[in-house]
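One file, query.pdb, is given below (PDB, C-alpha atoms).
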```pdb
ATOM      1  CA  MET L 761      15.723  18.932  -6.781
ATOM      2  CA  THR L 762      13.432  15.954  -6.116
ATOM      3  CA  ILE L 763      11.056  17.453  -8.668
ATOM      4  CA  TRP L 764      13.769  17.296 -11.332
ATOM      5  CA  ILE L 765      14.560  13.707 -10.351
ATOM      6  CA  ALA L 766      10.851  12.831 -10.580
ATOM      7  CA  ILE L 767      10.702  14.453 -14.034
ATOM      8  CA  LEU L 768      13.724  12.413 -15.145
ATOM      9  CA  VAL L 769      12.326   9.155 -13.737
ATOM     10  CA  THR L 770       8.904   9.787 -15.296
ATOM     11  CA  SER L 771      10.404  10.632 -18.687
ATOM     12  CA  VAL L 772      12.688   7.582 -18.755
ATOM     13  CA  GLY L 773       9.888   5.310 -17.498
ATOM     14  CA  CYS L 774       7.322   6.559 -19.999
ATOM     15  CA  TYR L 775       9.758   6.400 -22.923
ATOM     16  CA  THR L 776      10.708   2.855 -21.947
ATOM     17  CA  ALA L 777       7.035   1.852 -21.944
ATOM     18  CA  LYS L 778       6.600   3.307 -25.437
ATOM     19  CA  VAL L 779       9.731   1.630 -26.853
ATOM     20  CA  LEU L 780       8.820  -1.718 -25.269
ATOM     21  CA  GLY L 781       5.470  -1.842 -27.029
ATOM     22  CA  LEU L 782       6.968  -0.950 -30.378
ATOM     23  CA  SER L 783      10.013  -3.260 -30.138
ATOM     24  CA  VAL L 784       9.202  -6.331 -28.064
ATOM     25  CA  PRO L 785       7.852  -9.281 -30.085
ATOM     26  CA  ALA L 786       4.072  -9.309 -29.760
ATOM     27  CA  THR L 787       4.075 -12.773 -28.144
ATOM     28  CA  VAL L 788       5.872 -11.467 -25.030
ATOM     29  CA  LEU L 789       3.414  -8.721 -24.100
ATOM     30  CA  ASP L 790       0.338  -9.828 -25.973
ATOM     31  CA  ARG L 791      -1.190 -12.043 -23.288
ATOM     32  CA  PRO L 792      -4.775 -11.700 -22.084
ATOM     33  CA  LEU L 793      -3.785 -10.856 -18.503
ATOM     34  CA  VAL L 794      -1.137  -8.265 -19.475
ATOM     35  CA  ARG L 795      -3.477  -6.767 -22.040
ATOM     36  CA  ARG L 796      -6.297  -6.550 -19.508
ATOM     37  CA  PHE L 797      -4.076  -5.005 -16.837
ATOM     38  CA  ALA L 798      -2.726  -2.401 -19.258
ATOM     39  CA  MET L 799      -6.301  -1.567 -20.319
ATOM     40  CA  LEU L 800      -7.744  -1.274 -16.809
ATOM     41  CA  ALA L 801      -4.888   0.256 -14.787
ATOM     42  CA  PRO L 802      -5.220   3.657 -16.524
ATOM     43  CA  VAL L 803      -8.982   3.599 -15.904
ATOM     44  CA  ALA L 804      -8.370   3.041 -12.170
ATOM     45  CA  LEU L 805      -5.687   5.733 -11.931
ATOM     46  CA  LEU L 806      -7.584   8.322 -13.968
ATOM     47  CA  ALA L 807     -10.778   7.769 -11.960
ATOM     48  CA  ALA L 808      -8.854   8.026  -8.684
ATOM     49  CA  LEU L 809      -7.064  11.172  -9.848
ATOM     50  CA  THR L 810     -10.351  12.770 -10.912
ATOM     51  CA  ALA L 811     -11.925  12.071  -7.509
ATOM     52  CA  VAL L 812      -8.988  13.151  -5.351
ATOM     53  CA  GLN L 813      -8.269  16.267  -7.418
ATOM     54  CA  THR L 814     -11.936  17.291  -7.258
ATOM     55  CA  LEU L 815     -12.702  16.544  -3.605
ATOM     56  CA  GLY L 816      -9.318  16.419  -1.896
ATOM     57  CA  SER L 817      -7.677  19.300  -0.093
ATOM     58  CA  GLY L 818      -4.507  18.040   1.522
ATOM     59  CA  ARG L 819      -5.666  15.171   3.702
ATOM     60  CA  HIS L 820      -9.287  16.377   3.874
ATOM     61  CA  LEU L 821     -12.261  15.856   1.622
ATOM     62  CA  VAL L 822     -14.176  19.025   0.783
ATOM     63  CA  LEU L 823     -17.053  19.982  -1.471
ATOM     64  CA  ASP L 824     -16.185  23.288  -3.115
ATOM     65  CA  ALA L 825     -16.422  25.158  -6.404
ATOM     66  CA  ARG L 826     -14.267  22.531  -8.146
ATOM     67  CA  ALA L 827     -16.997  19.901  -7.727
ATOM     68  CA  VAL L 828     -19.514  22.128  -9.513
ATOM     69  CA  GLY L 829     -16.954  22.874 -12.243
ATOM     70  CA  LEU L 830     -16.406  19.140 -12.722
ATOM     71  CA  ALA L 831     -20.145  18.465 -12.823
ATOM     72  CA  ALA L 832     -20.374  21.032 -15.621
ATOM     73  CA  ALA L 833     -17.477  19.296 -17.389
ATOM     74  CA  ALA L 834     -19.283  15.957 -17.073
ATOM     75  CA  ILE L 835     -22.361  17.438 -18.718
ATOM     76  CA  MET L 836     -20.205  18.754 -21.567
ATOM     77  CA  LEU L 837     -18.766  15.251 -21.992
ATOM     78  CA  LEU L 838     -22.276  13.811 -22.285
ATOM     79  CA  PHE L 839     -22.817  16.222 -25.169
ATOM     80  CA  ARG L 840     -19.547  15.015 -26.747
ATOM     81  CA  ALA L 841     -17.913  18.430 -26.485
ATOM     82  CA  PRO L 842     -14.265  18.606 -27.589
ATOM     83  CA  PHE L 843     -11.519  18.119 -25.002
ATOM     84  CA  LEU L 844     -10.532  21.777 -24.772
ATOM     85  CA  VAL L 845     -14.151  22.899 -24.328
ATOM     86  CA  VAL L 846     -14.631  20.423 -21.460
ATOM     87  CA  VAL L 847     -11.565  21.732 -19.633
ATOM     88  CA  THR L 848     -12.434  25.376 -20.308
ATOM     89  CA  VAL L 849     -15.973  24.950 -18.957
ATOM     90  CA  ALA L 850     -14.657  23.320 -15.759
ATOM     91  CA  VAL L 851     -12.219  26.178 -15.230
ATOM     92  CA  GLY L 852     -14.772  28.858 -16.158
ATOM     93  CA  VAL L 853     -17.531  27.571 -13.867
ATOM     94  CA  THR L 854     -15.096  27.141 -10.958
ATOM     95  CA  ALA L 855     -13.701  30.640 -11.441
ATOM     96  CA  GLY L 856     -17.212  32.082 -11.792
ATOM     97  CA  LEU L 857     -18.391  30.553  -8.513
ATOM     98  CA  ARG L 858     -15.327  31.860  -6.700
ATOM     99  CA  LEU L 859     -15.952  35.285  -8.153
ATOM    100  CA  LEU L 860     -19.428  35.098  -6.572
ATOM    101  CA  GLY L 861     -17.795  34.333  -3.257
ATOM    102  CA  TRP L 862     -18.340  30.560  -3.148
ATOM    103  CA  ARG L 863     -15.210  28.645  -2.147
TER     104      ARG L 863
ATOM    105  CA  MET U 624      -6.619   3.203 -63.649
ATOM    106  CA  THR U 625      -4.375   5.535 -65.628
ATOM    107  CA  ASP U 626      -1.309   7.041 -64.017
ATOM    108  CA  ARG U 627      -3.051  10.333 -63.586
ATOM    109  CA  GLU U 628      -6.052   8.757 -61.853
ATOM    110  CA  THR U 629      -3.752   6.831 -59.508
ATOM    111  CA  THR U 630      -1.890  10.012 -58.636
ATOM    112  CA  SER U 631      -5.055  11.972 -57.938
ATOM    113  CA  ALA U 632      -6.503   9.148 -55.809
ATOM    114  CA  ALA U 633      -3.258   9.159 -53.824
ATOM    115  CA  THR U 634      -3.469  12.943 -53.388
ATOM    116  CA  THR U 635      -7.042  12.713 -52.151
ATOM    117  CA  ALA U 636      -6.049   9.978 -49.672
ATOM    118  CA  THR U 637      -3.096  12.063 -48.486
ATOM    119  CA  ARG U 638      -5.349  15.067 -47.947
ATOM    120  CA  ALA U 639      -7.832  12.972 -45.950
ATOM    121  CA  VAL U 640      -5.078  11.602 -43.700
ATOM    122  CA  LEU U 641      -3.597  15.053 -43.130
ATOM    123  CA  ARG U 642      -7.020  16.512 -42.352
ATOM    124  CA  ASP U 643      -7.639  13.862 -39.655
ATOM    125  CA  SER U 644      -4.138  14.278 -38.286
ATOM    126  CA  PHE U 645      -4.287  18.044 -37.973
ATOM    127  CA  ALA U 646      -7.813  18.025 -36.539
ATOM    128  CA  VAL U 647      -6.666  15.808 -33.677
ATOM    129  CA  GLY U 648      -3.237  17.433 -33.397
ATOM    130  CA  ILE U 649      -4.565  20.962 -33.142
ATOM    131  CA  ALA U 650      -7.461  20.227 -30.771
ATOM    132  CA  VAL U 651      -5.342  18.330 -28.276
ATOM    133  CA  GLY U 652      -2.152  20.283 -28.935
ATOM    134  CA  LEU U 653      -3.791  23.481 -27.735
ATOM    135  CA  SER U 654      -4.605  21.821 -24.394
ATOM    136  CA  GLY U 655      -0.936  22.212 -23.541
ATOM    137  CA  VAL U 656      -2.049  25.602 -22.188
ATOM    138  CA  ALA U 657      -4.001  23.752 -19.490
ATOM    139  CA  PHE U 658      -0.956  21.637 -18.681
ATOM    140  CA  GLY U 659       1.459  24.579 -18.574
ATOM    141  CA  SER U 660      -0.790  26.555 -16.274
ATOM    142  CA  THR U 661      -1.659  23.593 -14.019
ATOM    143  CA  ALA U 662       2.022  22.717 -13.677
ATOM    144  CA  THR U 663       3.042  26.251 -12.756
ATOM    145  CA  ALA U 664       0.085  26.574 -10.402
ATOM    146  CA  ALA U 665       1.301  23.384  -8.675
ATOM    147  CA  GLY U 666       4.661  25.000  -8.008
ATOM    148  CA  LEU U 667       6.753  23.735 -10.920
ATOM    149  CA  THR U 668       9.017  26.207 -12.688
ATOM    150  CA  THR U 669       8.420  27.069 -16.343
ATOM    151  CA  MET U 670      11.522  25.020 -17.201
ATOM    152  CA  GLN U 671      10.161  21.981 -15.357
ATOM    153  CA  ALA U 672       6.779  22.231 -17.074
ATOM    154  CA  CYS U 673       8.468  22.453 -20.482
ATOM    155  CA  ALA U 674      10.864  19.590 -19.699
ATOM    156  CA  LEU U 675       7.882  17.351 -18.912
ATOM    157  CA  SER U 676       6.135  18.208 -22.170
ATOM    158  CA  LEU U 677       9.346  17.711 -24.180
ATOM    159  CA  PHE U 678      10.632  14.511 -22.610
ATOM    160  CA  THR U 679       7.642  12.747 -21.054
ATOM    161  CA  PHE U 680       5.214  13.780 -23.812
ATOM    162  CA  THR U 681       2.182  11.820 -22.697
ATOM    163  CA  GLY U 682      -0.471  14.098 -21.238
ATOM    164  CA  ALA U 683      -2.119  11.944 -18.579
ATOM    165  CA  SER U 684       1.228  11.025 -17.009
ATOM    166  CA  GLN U 685       2.358  14.640 -17.001
ATOM    167  CA  PHE U 686      -0.838  15.758 -15.280
ATOM    168  CA  ALA U 687      -0.564  12.869 -12.797
ATOM    169  CA  LEU U 688       2.944  13.849 -11.722
ATOM    170  CA  VAL U 689       1.910  17.478 -11.343
ATOM    171  CA  ALA U 690      -1.188  16.456  -9.368
ATOM    172  CA  ALA U 691       0.967  14.485  -6.933
ATOM    173  CA  ILE U 692       3.299  17.431  -6.436
ATOM    174  CA  SER U 693       0.479  19.953  -5.985
ATOM    175  CA  GLY U 694      -1.169  17.671  -3.406
ATOM    176  CA  GLY U 695       2.002  17.820  -1.346
ATOM    177  CA  GLY U 696       2.877  14.194  -2.005
ATOM    178  CA  SER U 697       6.299  12.750  -2.709
ATOM    179  CA  PRO U 698       7.301  13.535  -6.304
ATOM    180  CA  LEU U 699       8.703  10.011  -6.635
ATOM    181  CA  LEU U 700       5.344   8.444  -5.702
ATOM    182  CA  GLY U 701       3.882  10.745  -8.330
ATOM    183  CA  ALA U 702       6.421   9.436 -10.833
ATOM    184  CA  ALA U 703       5.370   5.852 -10.045
ATOM    185  CA  GLY U 704       1.718   6.688 -10.795
ATOM    186  CA  ALA U 705       2.719   8.572 -13.937
ATOM    187  CA  ILE U 706       4.713   5.598 -15.263
ATOM    188  CA  LEU U 707       1.897   3.183 -14.454
ATOM    189  CA  LEU U 708      -0.417   5.414 -16.482
ATOM    190  CA  GLY U 709       2.145   5.531 -19.302
ATOM    191  CA  GLY U 710       2.061   1.738 -19.431
ATOM    192  CA  ARG U 711      -0.930   1.881 -21.762
ATOM    193  CA  ASN U 712       1.390   3.297 -24.427
ATOM    194  CA  SER U 713       3.090  -0.133 -24.509
ATOM    195  CA  LEU U 714      -0.189  -1.627 -25.668
ATOM    196  CA  TYR U 715      -0.529   1.078 -28.303
ATOM    197  CA  GLY U 716       2.990   0.301 -29.531
ATOM    198  CA  LEU U 717       2.050  -3.359 -29.842
ATOM    199  CA  ARG U 718      -0.849  -2.478 -32.107
ATOM    200  CA  LEU U 719       1.118   0.094 -34.127
ATOM    201  CA  ALA U 720       4.287  -1.973 -34.725
ATOM    202  CA  PRO U 721       2.857  -4.132 -37.549
ATOM    203  CA  MET U 722       0.987  -1.173 -39.066
ATOM    204  CA  LEU U 723       4.028   1.113 -39.237
ATOM    205  CA  ASP U 724       6.604  -1.674 -39.792
ATOM    206  CA  LEU U 725       9.588   0.563 -38.999
ATOM    207  CA  PRO U 726      13.280  -0.424 -39.061
ATOM    208  CA  ALA U 727      14.927  -0.658 -35.616
ATOM    209  CA  GLY U 728      16.577   2.788 -35.718
ATOM    210  CA  ARG U 729      13.447   4.662 -36.727
ATOM    211  CA  ARG U 730      11.495   2.767 -34.086
ATOM    212  CA  LEU U 731      13.508   4.410 -31.279
ATOM    213  CA  ALA U 732      12.633   7.867 -32.601
ATOM    214  CA  ALA U 733       9.012   7.063 -33.422
ATOM    215  CA  ALA U 734       8.436   5.589 -29.953
ATOM    216  CA  HIS U 735       8.398   9.052 -28.358
ATOM    217  CA  TRP U 736       5.225   9.850 -30.293
ATOM    218  CA  VAL U 737       3.334   6.650 -29.420
ATOM    219  CA  ILE U 738       0.418   8.125 -27.411
ATOM    220  CA  ASP U 739      -3.411   8.091 -27.335
ATOM    221  CA  GLU U 740      -3.921  10.516 -30.215
ATOM    222  CA  THR U 741      -1.343   9.192 -32.691
ATOM    223  CA  THR U 742      -2.630   5.660 -32.061
ATOM    224  CA  ALA U 743      -6.223   6.680 -32.726
ATOM    225  CA  VAL U 744      -5.357   8.353 -36.041
ATOM    226  CA  THR U 745      -2.924   5.638 -37.189
ATOM    227  CA  GLN U 746      -5.312   2.785 -36.415
ATOM    228  CA  ALA U 747      -8.014   4.411 -38.533
ATOM    229  CA  GLN U 748      -5.841   4.234 -41.689
ATOM    230  CA  PRO U 749      -6.456   1.605 -44.377
ATOM    231  CA  ASP U 750      -2.850   0.937 -45.488
ATOM    232  CA  ARG U 751       0.786   1.282 -44.431
ATOM    233  CA  ARG U 752       1.474   4.452 -46.374
ATOM    234  CA  SER U 753      -1.493   6.275 -44.802
ATOM    235  CA  ALA U 754      -0.673   4.805 -41.386
ATOM    236  CA  ARG U 755       2.878   6.164 -41.506
ATOM    237  CA  LEU U 756       1.703   9.525 -42.798
ATOM    238  CA  GLY U 757      -1.055   9.797 -40.178
ATOM    239  CA  PHE U 758       1.317   8.827 -37.383
ATOM    240  CA  THR U 759       3.988  11.311 -38.460
ATOM    241  CA  ALA U 760       1.621  14.201 -39.170
ATOM    242  CA  THR U 761      -0.341  13.791 -35.927
ATOM    243  CA  GLY U 762       2.845  13.306 -33.913
ATOM    244  CA  ALA U 763       4.612  16.324 -35.397
ATOM    245  CA  CYS U 764       1.588  18.612 -35.089
ATOM    246  CA  LEU U 765       0.899  17.559 -31.504
ATOM    247  CA  PHE U 766       4.522  17.697 -30.396
ATOM    248  CA  LEU U 767       5.007  21.189 -31.790
ATOM    249  CA  LEU U 768       1.750  22.628 -30.432
ATOM    250  CA  TRP U 769       1.773  20.821 -27.074
ATOM    251  CA  ASN U 770       5.254  22.151 -26.293
ATOM    252  CA  THR U 771       4.546  25.673 -27.502
ATOM    253  CA  THR U 772       1.277  25.949 -25.586
ATOM    254  CA  THR U 773       2.862  24.434 -22.451
ATOM    255  CA  LEU U 774       5.359  27.292 -22.486
ATOM    256  CA  LEU U 775       2.621  29.883 -23.059
ATOM    257  CA  GLY U 776       0.413  28.433 -20.306
ATOM    258  CA  ALA U 777       3.310  28.346 -17.864
ATOM    259  CA  LEU U 778       4.396  31.902 -18.602
ATOM    260  CA  GLY U 779       0.801  33.150 -18.489
ATOM    261  CA  THR U 780       0.087  31.586 -15.099
ATOM    262  CA  ALA U 781       3.365  32.817 -13.647
ATOM    263  CA  ALA U 782       2.149  36.325 -14.527
ATOM    264  CA  LEU U 783      -1.380  35.837 -13.114
ATOM    265  CA  GLY U 784      -0.714  35.370  -9.428
ATOM    266  CA  ASP U 785      -3.043  33.090  -7.409
ATOM    267  CA  PRO U 786      -4.154  30.487  -9.969
ATOM    268  CA  SER U 787      -7.097  29.118  -7.950
ATOM    269  CA  ARG U 788      -8.838  32.481  -8.310
ATOM    270  CA  PHE U 789      -9.064  31.651 -12.020
ATOM    271  CA  GLY U 790     -10.365  28.147 -11.377
ATOM    272  CA  LEU U 791      -7.190  26.579 -12.736
ATOM    273  CA  ASP U 792      -7.211  23.917 -10.013
ATOM    274  CA  ALA U 793     -10.245  22.479 -11.825
ATOM    275  CA  ALA U 794      -8.279  21.992 -15.080
ATOM    276  CA  GLY U 795      -6.375  18.907 -13.875
ATOM    277  CA  PRO U 796      -9.394  16.867 -12.722
ATOM    278  CA  ALA U 797     -11.350  17.943 -15.838
ATOM    279  CA  VAL U 798      -8.539  16.546 -17.990
ATOM    280  CA  PHE U 799      -8.605  13.253 -16.084
ATOM    281  CA  LEU U 800     -12.373  13.059 -16.386
ATOM    282  CA  ALA U 801     -12.233  13.747 -20.133
ATOM    283  CA  LEU U 802      -9.601  11.013 -20.545
ATOM    284  CA  VAL U 803     -11.456   8.391 -18.522
ATOM    285  CA  ALA U 804     -14.989   9.118 -19.817
ATOM    286  CA  PRO U 805     -14.692   7.326 -23.186
ATOM    287  CA  ARG U 806     -13.223   4.262 -21.445
ATOM    288  CA  LEU U 807     -16.204   4.011 -19.109
ATOM    289  CA  ALA U 808     -18.391   3.530 -22.158
ATOM    290  CA  GLU U 809     -16.298   0.508 -23.226
ATOM    291  CA  GLY U 810     -17.663  -1.983 -20.733
ATOM    292  CA  ARG U 811     -18.766  -3.054 -17.314
ATOM    293  CA  ALA U 812     -15.257  -4.040 -16.154
ATOM    294  CA  GLN U 813     -14.109  -0.466 -16.818
ATOM    295  CA  ARG U 814     -17.003   1.012 -14.824
ATOM    296  CA  TRP U 815     -16.525  -1.356 -11.869
ATOM    297  CA  THR U 816     -12.799  -0.676 -11.840
ATOM    298  CA  ALA U 817     -13.337   3.100 -11.944
ATOM    299  CA  GLY U 818     -15.946   3.007  -9.166
ATOM    300  CA  LEU U 819     -13.772   0.899  -6.909
ATOM    301  CA  ALA U 820     -10.744   3.085  -7.625
ATOM    302  CA  VAL U 821     -12.677   6.210  -6.615
ATOM    303  CA  LEU U 822     -13.748   4.546  -3.345
ATOM    304  CA  ILE U 823     -10.198   3.425  -2.512
ATOM    305  CA  ALA U 824      -8.704   6.821  -3.343
ATOM    306  CA  LEU U 825     -11.273   8.840  -1.366
ATOM    307  CA  ALA U 826     -11.206   6.486   1.619
ATOM    308  CA  GLY U 827      -7.409   6.638   1.650
ATOM    309  CA  THR U 828      -7.125  10.424   1.376
ATOM    310  CA  PRO U 829      -7.663  11.281   5.085
ATOM    311  CA  LEU U 830      -5.599   8.290   6.233
ATOM    312  CA  LEU U 831      -2.532   8.147   4.005
ATOM    313  CA  PRO U 832       0.125  10.578   2.768
ATOM    314  CA  PRO U 833      -0.822  12.392  -0.478
ATOM    315  CA  GLY U 834      -0.083  10.316  -3.587
ATOM    316  CA  VAL U 835      -0.385   6.944  -1.841
ATOM    317  CA  PRO U 836      -4.190   6.646  -2.270
ATOM    318  CA  ILE U 837      -3.790   7.128  -6.036
ATOM    319  CA  LEU U 838      -1.276   4.292  -6.323
ATOM    320  CA  LEU U 839      -3.386   2.118  -4.036
ATOM    321  CA  ALA U 840      -6.348   2.700  -6.341
ATOM    322  CA  ALA U 841      -4.517   0.672  -9.019
ATOM    323  CA  LEU U 842      -5.527  -2.362  -6.931
ATOM    324  CA  ALA U 843      -9.065  -1.755  -8.187
ATOM    325  CA  VAL U 844      -8.127  -3.747 -11.293
ATOM    326  CA  ALA U 845      -7.675  -6.913  -9.206
ATOM    327  CA  PRO U 846     -11.327  -8.100  -9.117
ATOM    328  CA  SER U 847     -11.695  -7.684 -12.873
ATOM    329  CA  LEU U 848      -8.444  -9.562 -13.500
ATOM    330  CA  ALA U 849      -9.472 -12.339 -11.108
ATOM    331  CA  VAL U 850     -12.879 -12.741 -12.719
ATOM    332  CA  ARG U 851     -11.240 -13.301 -16.094
ATOM    333  CA  ALA U 852      -8.469 -15.626 -14.871
TER     334      ALA U 852
END
```
Serialized structure, structure tokens:
Amino acid sequence: MTIWIAILVTSVGCYTAKVLGLSVPATVLDRPLVRRFAMLAPVALLAALTAVQTLGSGRHLVLDARAVGLAAAAIMLLFRAPFLVVVTVAVGVTAGLRLLGWR
Amino acid sequence: MTDRETTSAATTATRAVLRDSFAVGIAVGLSGVAFGSTATAAGLTTMQACALSLFTFTGASQFALVAAISGGGSPLLGAAGAILLGGRNSLYGLRLAPMLDLPAGRRLAAAHWVIDETTAVTQAQPDRRSARLGFTATGACLFLLWNTTTLLGALGTAALGDPSRFGLDAAGPAVFLALVAPRLAEGRAQRWTAGLAVLIALAGTPLLPPGVPILLAALAVAPSLAVRA
């Protein structure tokens, strides 16, 4: 049930953010500090999510097949591979290592 | 120009806009498979995965909520992080509003499609007509594909059994990495913020309940904001 509530809250919150940008007069939101926060906050959250999802296992930090998969994804990004290729390589490398018996 | 030349120039422009729109729409739209499977692997039902794609419809936020749930954190903390991430769509709306110049009613409908990809395509257009066309074509293509592939990914994973055997737990972080990578190239403030956020999140992981370190990592923007102010 809490998952459904979270889905509802997320959907309403994200839609509100979209409507605000499109409807509020530019002078209200278009300030250097607001602009800078809205530019940098996603960078912080995405970087944190990448790290925790790659190295976290519950409340522990571990180095497992995911880290190698992500390293492969990073290399693909350096070569400007398309989004779907990057994700597929990460999944493929991780699955391959597990198939070889590496956690 | 004669009438015929004007018409053919308009057709060529329309084709160019549609080509850009569908290229982006198809490439990213297909990634809904990754979302559907990650969501199901995290313990969401197929219905829940599809509801997120239909009603939240902004990839990073959807993945963030699912990540929080799969990590065993409170779904509501996850929602807070997801909304914070969705805040960048406000900035996109700001930039798109004068380009699209929509009446109030249409704005409410169009808002749902204000995301990274539609903004990128719309901003690249030279005039209002192309901007509206690019926005609508990219939005429609993405919305249709993203929702269809979410359903397929969710159903597929439900049939697979243990998703980590197939490396699907690496899909989420790979998506986040792919989303953040281009921003790191934008400037030093972005790189400092990302580095600090990683440190905060990893240091917090053993100490705090799942989900909290991610939200705490938002504080990493503070030094960059202070330097500017």
Show which residues sit within 10 Å of stretch 845-860 of chain L, as a PyMOL selection string. Count only C-alpha atoms, and ignore same-chain residues fewer than 2 positions away.
-> (chain L and resi 824-837+839-843+862-863) or (chain U and resi 650+654+657+786-801)
Residues near U:Thr828, cut-off 12 Å, only C-alpha atoms, skip fewer than 4 positions along chain, as a count of residues only = 28
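Excluding stretch 780-790 of chain L and any residue on its chain fewer than 5 positions from it, the residues at most 7 Å away by all atoms listed in the file are Arg795 of chain L; Ser713, Leu714, Tyr715, Gly716, Leu717, Ala720, Arg730 and Ala734 of chain U.
Residues in contact with L:Ala777 at 7 Å, where all atoms listed in the file are counted and same-chain residues fewer than 6 positions away are skipped, are listed as Gly709, Gly710, Asn712 and Ser713 of chain U.
In this comparison, which uses all atoms listed in the file, the residue of L:Val779, L:Gly773, L:Arg796, L:Leu768 approaching U:Leu848 most closely is L:Arg796.
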Excluding U:Pro698 and any residue of its chain fewer than 6 positions from it, enumerate the residues within 12 Å of it, using only C-alpha atoms, and give them as a PyMOL selection string.
-> (chain L and resi 761-770) or (chain U and resi 665-667+685+687-692+704-705+832-835)
Between atom CA of U:Ala808 and atom CA of U:Ile706 lies a distance of 24.2 Å
Selection dump of the PyMOL selection byres ((chain U and resi 643) around 12), as a ChimeraX atom specification | /U:636-642,644-650,740-741,743-748,753-754,756-762,764
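The coordinates place atom CA of U:Val803 at 12.7 Å from atom CA of L:Leu838.
Nearest to chain L of all the residues U:Arg811, U:Arg711, U:Arg755, U:Arg729 is U:Arg711, counting all atoms listed in the file.
Shortest separation to chain L among U:Ala781, U:Ala633, U:Leu774, U:Leu842 occurs at residue U:Leu842, atoms counted being all atoms listed in the file.
Using all atoms listed in the file, the shortest contact distance between U:Gly779 and any of U:Thr629, U:Thr661, U:Gln671, U:Thr635 is found at U:Thr661.
Distances to chain L were evaluated for U:Val850, U:Leu765, U:Leu783, U:Val844 using only C-alpha atoms, and the minimum falls at U:Val844.
The gap separating atom CA of U:Trp769 from atom CA of L:Ser771 is 15.8 Å, in Å to one decimal.
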Could you expand the PyMOL selection byres ((chain L and resi 802) around 9) into the explicit residues it covers here, written as a list in words?
-> Phe797, Ala798, Met799, Leu800, Ala801, Val803, Ala804, Leu805, Leu806 and Ala807 of chain L; Leu707, Leu708, Gly709, Gly710, Arg711, Val803 and Ala841 of chain U
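The residue that comes closest to U:Gly659, out of U:Ala777, U:Leu699, U:Leu675, U:Val737 and on the basis of all atoms listed in the file, is U:Ala777.
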